Amino acid sequence: MTITIVVIFILLMLSAFFSGSETALTAASKPVMHHKEQDGDQRAGIVNRLRQYQERLIGAILLGNNLVNILASALATSVMIELFGERGVVYATAAMTALVLIFSEILPKTYALQHADSMALRVARPMSILVVVFAPVTQTIQVLVRATLHLFGSGDGPGTDRERELRGAIELHADDVVVGDHHAERTMLHGVLDLEDVGVWEIMVHRRKVQMIDITRPMEEILDTVLASPHTRIPIYDKDPDNIVGVLHAREALKAIVRGAKPETAEDVRMLSSEPWFIPDSTTLADQLKAFKERHEHFAIVVDEYGAFEGVVSLEDILEEIVGDIADETDVEVVGVQPQTDGSVIVRGDVTIRDLNRRFGWRLPDEEAATVAGLLLYETRRIPDVGQQFRFHGLEFEVLRRIRNQITRIKLREVREVATDDTN
């Protein structure tokens, strides 16, 4: 009997080891372990590899923990039955529940949470050996588990919600820290994550706003336009704005004038211009940012599926999607968003939905339209008149100004009740 009690004690210690190891290895700091591995700590490298194959690690821990707990309970039951008869089953259940809960679960896991990094390093080697020893059994169990999950339609992989997890972590950090520039940091992090989902058509400068030069115009007029422009790169076209033949850089024109080689003809302007780079409007910001880097260029012409000119996009436009507006001494300040004292907001029709969502925390959809005016047209399926009001997506839209068929100014106000019908 004494030997049996000693064995039960050893099994409880092993159970505590498995429980503490599970908590320590899952709670250990990833940056700390990575840094220690870079410094040559082999135990940290083992921890990182164990966590890389987390299913095998958890399987081995649970297998070992259940083996020792069940065996300890069986031995304790036999001892109690020998001492107290049939009542020993009740005594064994109560005693083992208390012992396992306190000494094999709560105590080791609490210690592991308080000393996760140091304990993870200590248990790394023995756990790596156990993972290898239990590998045949745990792999068989994993096959059965996956088959069962697939049978019930739960086949999502481990990386399915990775982006959602990152966004949640960003929001959690923003909620925990409410001072300083953390709103700007949150916006930047969301901007980086959005690069894969946003197309250049959503941030490009529309052709209506692009300053262009007709190469057939008098040379003095062309040069005056270049010198007076706040932009460094200006698309040039031959008679038809859709017939873009180059991009003139103001620096090249100034260098030519300084050298005494002032352009005199349209052909001279073409010689100073670079070849236009046309990109489809479906290009994502992530792909375009990579393309800008590879081509060492900062400016591209956006065209639709028919090859028609839609607008221009620059490296600065993409960077502004990450860090916010980048103003310099040549920028023309235009107020596009005007918060009012009554809580409403007056915006220009060409203000992007993404900018409004990021500034006010709204959730306006931007899948079908890039600007607030475009969203209004899409939802109403008409061109509204001045004074008309509509409610959708938790906001009230009131048309303040319309120039021909273009909605140029809109008042937005948050409402409690969301309705899809218009109230004229």
# chains A, B, ... in the order shown; residues from 1 in each chain; ligands from 1
call {"tool": "residues_around", "arguments": {"residues": "stretch 413-415 of chain A", "least_positions_apart": "6", "cutoff": "6 Å", "atoms": "only C-alpha atoms", "output": "ChimeraX atom specification"}}
result
/A:344,394-396
call {"tool": "select_by_dssp", "arguments": {"residues": "stretch 28-236 of chain A", "states": "helix (DSSP H, G or I)", "output": "PyMOL selection string"}}
result
chain A and resi 30-38+42-52+54-114+116-133+135-151+162-176+182-194+200-202+219-228
call {"tool": "write_last_selection", "arguments": {"atoms": "C-alpha atoms", "output": "short mmCIF file (atom, residue, chain, number, x, y, z; two decimals), in the first residue's frame"}}
result
data_model
loop_
_atom_site.label_atom_id
_atom_site.label_comp_id
_atom_site.auth_asym_id
_atom_site.auth_seq_id
_atom_site.Cartn_x
_atom_site.Cartn_y
_atom_site.Cartn_z
CA LYS A 30 7.21 35.15 -28.56
CA PRO A 31 9.49 38.21 -28.89
CA VAL A 32 11.53 37.14 -25.86
CA MET A 33 11.94 33.58 -27.14
CA HIS A 34 12.88 34.86 -30.60
CA HIS A 35 15.45 37.25 -29.13
CA LYS A 36 16.98 34.53 -26.93
CA GLU A 37 17.19 32.15 -29.90
CA GLN A 38 19.00 34.84 -31.88
CA GLN A 42 19.14 26.49 -27.72
CA ARG A 43 16.28 26.05 -25.25
CA ALA A 44 14.52 29.08 -26.72
CA GLY A 45 14.90 27.54 -30.16
CA ILE A 46 13.22 24.36 -28.89
CA VAL A 47 10.37 26.43 -27.44
CA ASN A 48 9.84 28.15 -30.78
CA ARG A 49 9.81 24.86 -32.66
CA LEU A 50 7.38 23.31 -30.20
CA ARG A 51 5.02 26.25 -30.63
CA GLN A 52 5.37 26.06 -34.38
CA GLN A 54 1.28 23.45 -31.51
CA GLU A 55 -1.14 20.62 -32.32
CA ARG A 56 1.53 18.01 -31.64
CA LEU A 57 2.59 19.78 -28.45
CA ILE A 58 -0.93 20.06 -27.03
CA GLY A 59 -1.69 16.48 -28.08
CA ALA A 60 1.36 15.14 -26.26
CA ILE A 61 0.62 17.18 -23.12
CA LEU A 62 -3.03 16.13 -22.99
CA LEU A 63 -2.13 12.50 -23.62
CA GLY A 64 0.45 12.44 -20.85
CA ASN A 65 -1.72 14.40 -18.45
CA ASN A 66 -4.74 12.16 -18.92
CA LEU A 67 -2.65 9.00 -18.60
CA VAL A 68 -1.17 9.98 -15.24
CA ASN A 69 -4.44 11.40 -13.88
CA ILE A 70 -6.47 8.32 -14.80
CA LEU A 71 -3.80 5.99 -13.47
CA ALA A 72 -3.51 7.94 -10.22
CA SER A 73 -7.29 7.91 -9.78
CA ALA A 74 -7.46 4.16 -10.44
CA LEU A 75 -4.74 3.43 -7.89
CA ALA A 76 -6.33 5.74 -5.32
CA THR A 77 -9.69 4.01 -5.82
CA SER A 78 -8.14 0.59 -5.25
CA VAL A 79 -6.47 1.78 -2.03
CA MET A 80 -9.67 3.33 -0.70
CA ILE A 81 -11.77 0.26 -1.53
CA GLU A 82 -9.25 -1.88 0.31
CA LEU A 83 -9.53 0.39 3.36
CA PHE A 84 -13.22 1.36 3.40
CA GLY A 85 -14.97 -1.07 1.11
CA GLU A 86 -17.48 0.24 -1.42
CA ARG A 87 -17.53 3.65 0.25
CA GLY A 88 -13.90 3.98 -0.82
CA VAL A 89 -15.05 4.93 -4.34
CA VAL A 90 -16.66 8.08 -2.94
CA TYR A 91 -13.66 8.88 -0.74
CA ALA A 92 -11.25 8.31 -3.63
CA THR A 93 -13.28 10.55 -5.94
CA ALA A 94 -13.39 13.39 -3.42
CA ALA A 95 -9.72 13.09 -2.46
CA MET A 96 -8.37 12.84 -6.00
CA THR A 97 -10.57 15.71 -7.21
CA ALA A 98 -9.14 17.97 -4.51
CA LEU A 99 -5.54 16.83 -5.02
CA VAL A 100 -5.62 17.06 -8.83
CA LEU A 101 -7.44 20.40 -8.84
CA ILE A 102 -5.18 22.09 -6.29
CA PHE A 103 -1.75 20.51 -6.75
CA SER A 104 -1.87 19.34 -10.37
CA GLU A 105 -3.87 22.14 -12.01
CA ILE A 106 -4.30 25.45 -10.17
CA LEU A 107 -0.93 25.57 -8.40
CA PRO A 108 1.34 24.67 -11.36
CA LYS A 109 -0.63 26.78 -13.84
CA THR A 110 -0.60 29.81 -11.57
CA TYR A 111 3.15 29.47 -11.11
CA ALA A 112 3.60 28.99 -14.86
CA LEU A 113 1.63 32.16 -15.64
CA GLN A 114 3.80 34.17 -13.25
CA ALA A 116 6.13 31.76 -18.14
CA ASP A 117 9.41 32.57 -19.91
CA SER A 118 11.77 30.96 -17.40
CA MET A 119 9.61 27.86 -16.93
CA ALA A 120 9.18 27.41 -20.69
CA LEU A 121 12.96 27.29 -21.06
CA ARG A 122 13.26 24.67 -18.28
CA VAL A 123 10.62 22.31 -19.65
CA ALA A 124 11.54 22.73 -23.32
CA ARG A 125 13.92 19.75 -23.63
CA PRO A 126 11.88 17.15 -21.73
CA MET A 127 8.72 18.19 -23.55
CA SER A 128 10.44 17.91 -26.94
CA ILE A 129 11.40 14.32 -26.07
CA LEU A 130 7.85 13.48 -25.00
CA VAL A 131 6.44 14.98 -28.19
CA VAL A 132 8.65 12.63 -30.23
CA VAL A 133 7.80 9.60 -28.05
CA ALA A 135 4.13 11.25 -31.90
CA PRO A 136 2.56 8.04 -33.31
CA VAL A 137 -0.37 8.23 -30.91
CA THR A 138 -0.92 12.00 -31.16
CA GLN A 139 -0.80 11.95 -34.96
CA THR A 140 -3.44 9.20 -35.03
CA ILE A 141 -5.58 11.24 -32.66
CA GLN A 142 -5.17 14.33 -34.85
CA VAL A 143 -6.35 12.42 -37.91
CA LEU A 144 -9.46 11.31 -36.02
CA VAL A 145 -10.11 14.84 -34.72
CA ARG A 146 -9.78 16.42 -38.18
CA ALA A 147 -12.05 13.79 -39.69
CA THR A 148 -14.66 14.46 -37.00
CA LEU A 149 -14.45 18.25 -37.47
CA HIS A 150 -14.72 17.84 -41.24
CA LEU A 151 -17.75 15.63 -40.73
CA ARG A 162 -5.33 35.80 -38.83
CA GLU A 163 -6.21 39.20 -40.26
CA ARG A 164 -9.29 39.46 -38.05
CA GLU A 165 -7.12 38.63 -35.05
CA LEU A 166 -4.68 41.40 -35.96
CA ARG A 167 -7.47 43.93 -36.38
CA GLY A 168 -8.94 42.90 -33.05
CA ALA A 169 -5.56 43.28 -31.36
CA ILE A 170 -5.22 46.77 -32.83
CA GLU A 171 -8.65 47.80 -31.55
CA LEU A 172 -7.95 46.24 -28.16
CA HIS A 173 -4.72 48.21 -27.86
CA ALA A 174 -6.53 51.38 -28.88
CA ASP A 175 -9.21 50.81 -26.23
CA ASP A 176 -6.59 50.22 -23.54
CA HIS A 182 -2.47 56.14 -30.52
CA HIS A 183 -5.43 56.99 -32.76
CA ALA A 184 -2.94 57.82 -35.51
CA GLU A 185 -1.04 54.59 -34.82
CA ARG A 186 -4.26 52.57 -35.07
CA THR A 187 -5.12 54.28 -38.36
CA MET A 188 -1.68 53.47 -39.76
CA LEU A 189 -1.89 49.81 -38.76
CA HIS A 190 -5.35 49.47 -40.27
CA GLY A 191 -4.05 51.19 -43.40
CA VAL A 192 -1.30 48.60 -43.79
CA LEU A 193 -3.78 45.74 -43.41
CA ASP A 194 -6.11 47.34 -45.97
CA VAL A 200 -6.20 52.04 -56.88
CA TRP A 201 -9.57 53.24 -58.25
CA GLU A 202 -10.59 53.99 -54.66
CA MET A 219 4.68 76.46 -76.17
CA GLU A 220 4.53 79.52 -73.91
CA GLU A 221 1.18 78.37 -72.58
CA ILE A 222 2.59 74.90 -71.88
CA LEU A 223 5.60 76.28 -70.00
CA ASP A 224 3.46 78.71 -68.02
CA THR A 225 1.22 75.81 -66.98
CA VAL A 226 4.21 73.74 -65.86
CA LEU A 227 5.76 76.57 -63.84
CA ALA A 228 2.47 77.54 -62.19
#
call {"tool": "select_by_dssp", "arguments": {"residues": "stretch 88-315 of chain A", "states": "strand (DSSP E)", "output": "ChimeraX atom specification"}}
result
/A:205-206,213-214,233-237,244-249,278-280,299-303,309-314
call {"tool": "residues_around", "arguments": {"residues": "A:Arg382", "least_positions_apart": "5", "cutoff": "12 Å", "atoms": "only C-alpha atoms", "output": "PDB file with N, CA and C atoms, in the first residue's frame"}}
result
ATOM      1  N   ALA A 373     -20.562  60.704 -52.469  1.00  0.00           N
ATOM      2  CA  ALA A 373     -21.562  60.966 -53.504  1.00  0.00           C
ATOM      3  C   ALA A 373     -21.866  59.695 -54.291  1.00  0.00           C
ATOM      4  N   GLY A 374     -20.839  58.921 -54.578  1.00  0.00           N
ATOM      5  CA  GLY A 374     -21.049  57.658 -55.272  1.00  0.00           C
ATOM      6  C   GLY A 374     -21.896  56.699 -54.462  1.00  0.00           C
ATOM      7  N   LEU A 375     -21.675  56.662 -53.150  1.00  0.00           N
ATOM      8  CA  LEU A 375     -22.486  55.801 -52.290  1.00  0.00           C
ATOM      9  C   LEU A 375     -23.947  56.250 -52.302  1.00  0.00           C
ATOM     10  N   LEU A 376     -24.168  57.562 -52.270  1.00  0.00           N
ATOM     11  CA  LEU A 376     -25.533  58.090 -52.299  1.00  0.00           C
ATOM     12  C   LEU A 376     -26.238  57.702 -53.599  1.00  0.00           C
ATOM     13  N   LEU A 377     -25.541  57.813 -54.724  1.00  0.00           N
ATOM     14  CA  LEU A 377     -26.126  57.435 -56.013  1.00  0.00           C
ATOM     15  C   LEU A 377     -26.411  55.945 -56.074  1.00  0.00           C
ATOM     16  N   GLN A 388     -33.264  66.816 -50.777  1.00  0.00           N
ATOM     17  CA  GLN A 388     -33.742  65.475 -50.493  1.00  0.00           C
ATOM     18  C   GLN A 388     -32.903  64.840 -49.394  1.00  0.00           C
ATOM     19  N   PHE A 390     -32.097  61.079 -47.199  1.00  0.00           N
ATOM     20  CA  PHE A 390     -32.143  59.620 -47.260  1.00  0.00           C
ATOM     21  C   PHE A 390     -31.497  59.063 -46.004  1.00  0.00           C
ATOM     22  N   ASN A 405     -25.363  67.085 -62.970  1.00  0.00           N
ATOM     23  CA  ASN A 405     -25.628  65.739 -62.470  1.00  0.00           C
ATOM     24  C   ASN A 405     -24.654  65.299 -61.383  1.00  0.00           C
ATOM     25  N   GLN A 406     -23.871  66.214 -60.881  1.00  0.00           N
ATOM     26  CA  GLN A 406     -22.862  65.880 -59.878  1.00  0.00           C
ATOM     27  C   GLN A 406     -23.278  66.390 -58.495  1.00  0.00           C
ATOM     28  N   ILE A 407     -23.309  65.491 -57.517  1.00  0.00           N
ATOM     29  CA  ILE A 407     -23.582  65.859 -56.128  1.00  0.00           C
ATOM     30  C   ILE A 407     -22.280  66.379 -55.520  1.00  0.00           C
ATOM     31  N   ASP A 422     -36.058  55.995 -48.586  1.00  0.00           N
ATOM     32  CA  ASP A 422     -35.792  57.425 -48.578  1.00  0.00           C
ATOM     33  C   ASP A 422     -37.004  58.165 -48.056  1.00  0.00           C
TER      34      ASP A 422
END
call {"tool": "atom_distance", "arguments": {"atom1": "atom CA of A:Pro280", "atom2": "atom CA of A:Met204"}}
result
11.5 Å
call {"tool": "atom_distance", "arguments": {"atom1": "atom CA of A:Leu195", "atom2": "atom CA of A:Asp287"}}
result
8.4 Å
call {"tool": "residues_around", "arguments": {"residues": "A:Leu315", "least_positions_apart": "3", "cutoff": "10 Å", "atoms": "only C-alpha atoms", "output": "list in words"}}
result
Leu285, Gln288, Leu289, Phe292, Lys293, Glu297, His298, Phe299, Ala300, Ile318, Leu319 and Glu320 of chain A
call {"tool": "atom_distance", "arguments": {"atom1": "atom CA of A:Glu264", "atom2": "atom CA of A:Val313"}}
result
29.5 Å
call {"tool": "closest_residue", "arguments": {"among": "A:Val312, A:Met13, A:Ile410, A:Val7", "to": "A:Val247", "atoms": "only C-alpha atoms"}}
result
A:Val312
call {"tool": "closest_residue", "arguments": {"among": "A:Ala24, A:Val205, A:Ile403, A:Ile353", "to": "A:Asp281", "atoms": "only C-alpha atoms"}}
result
A:Val205
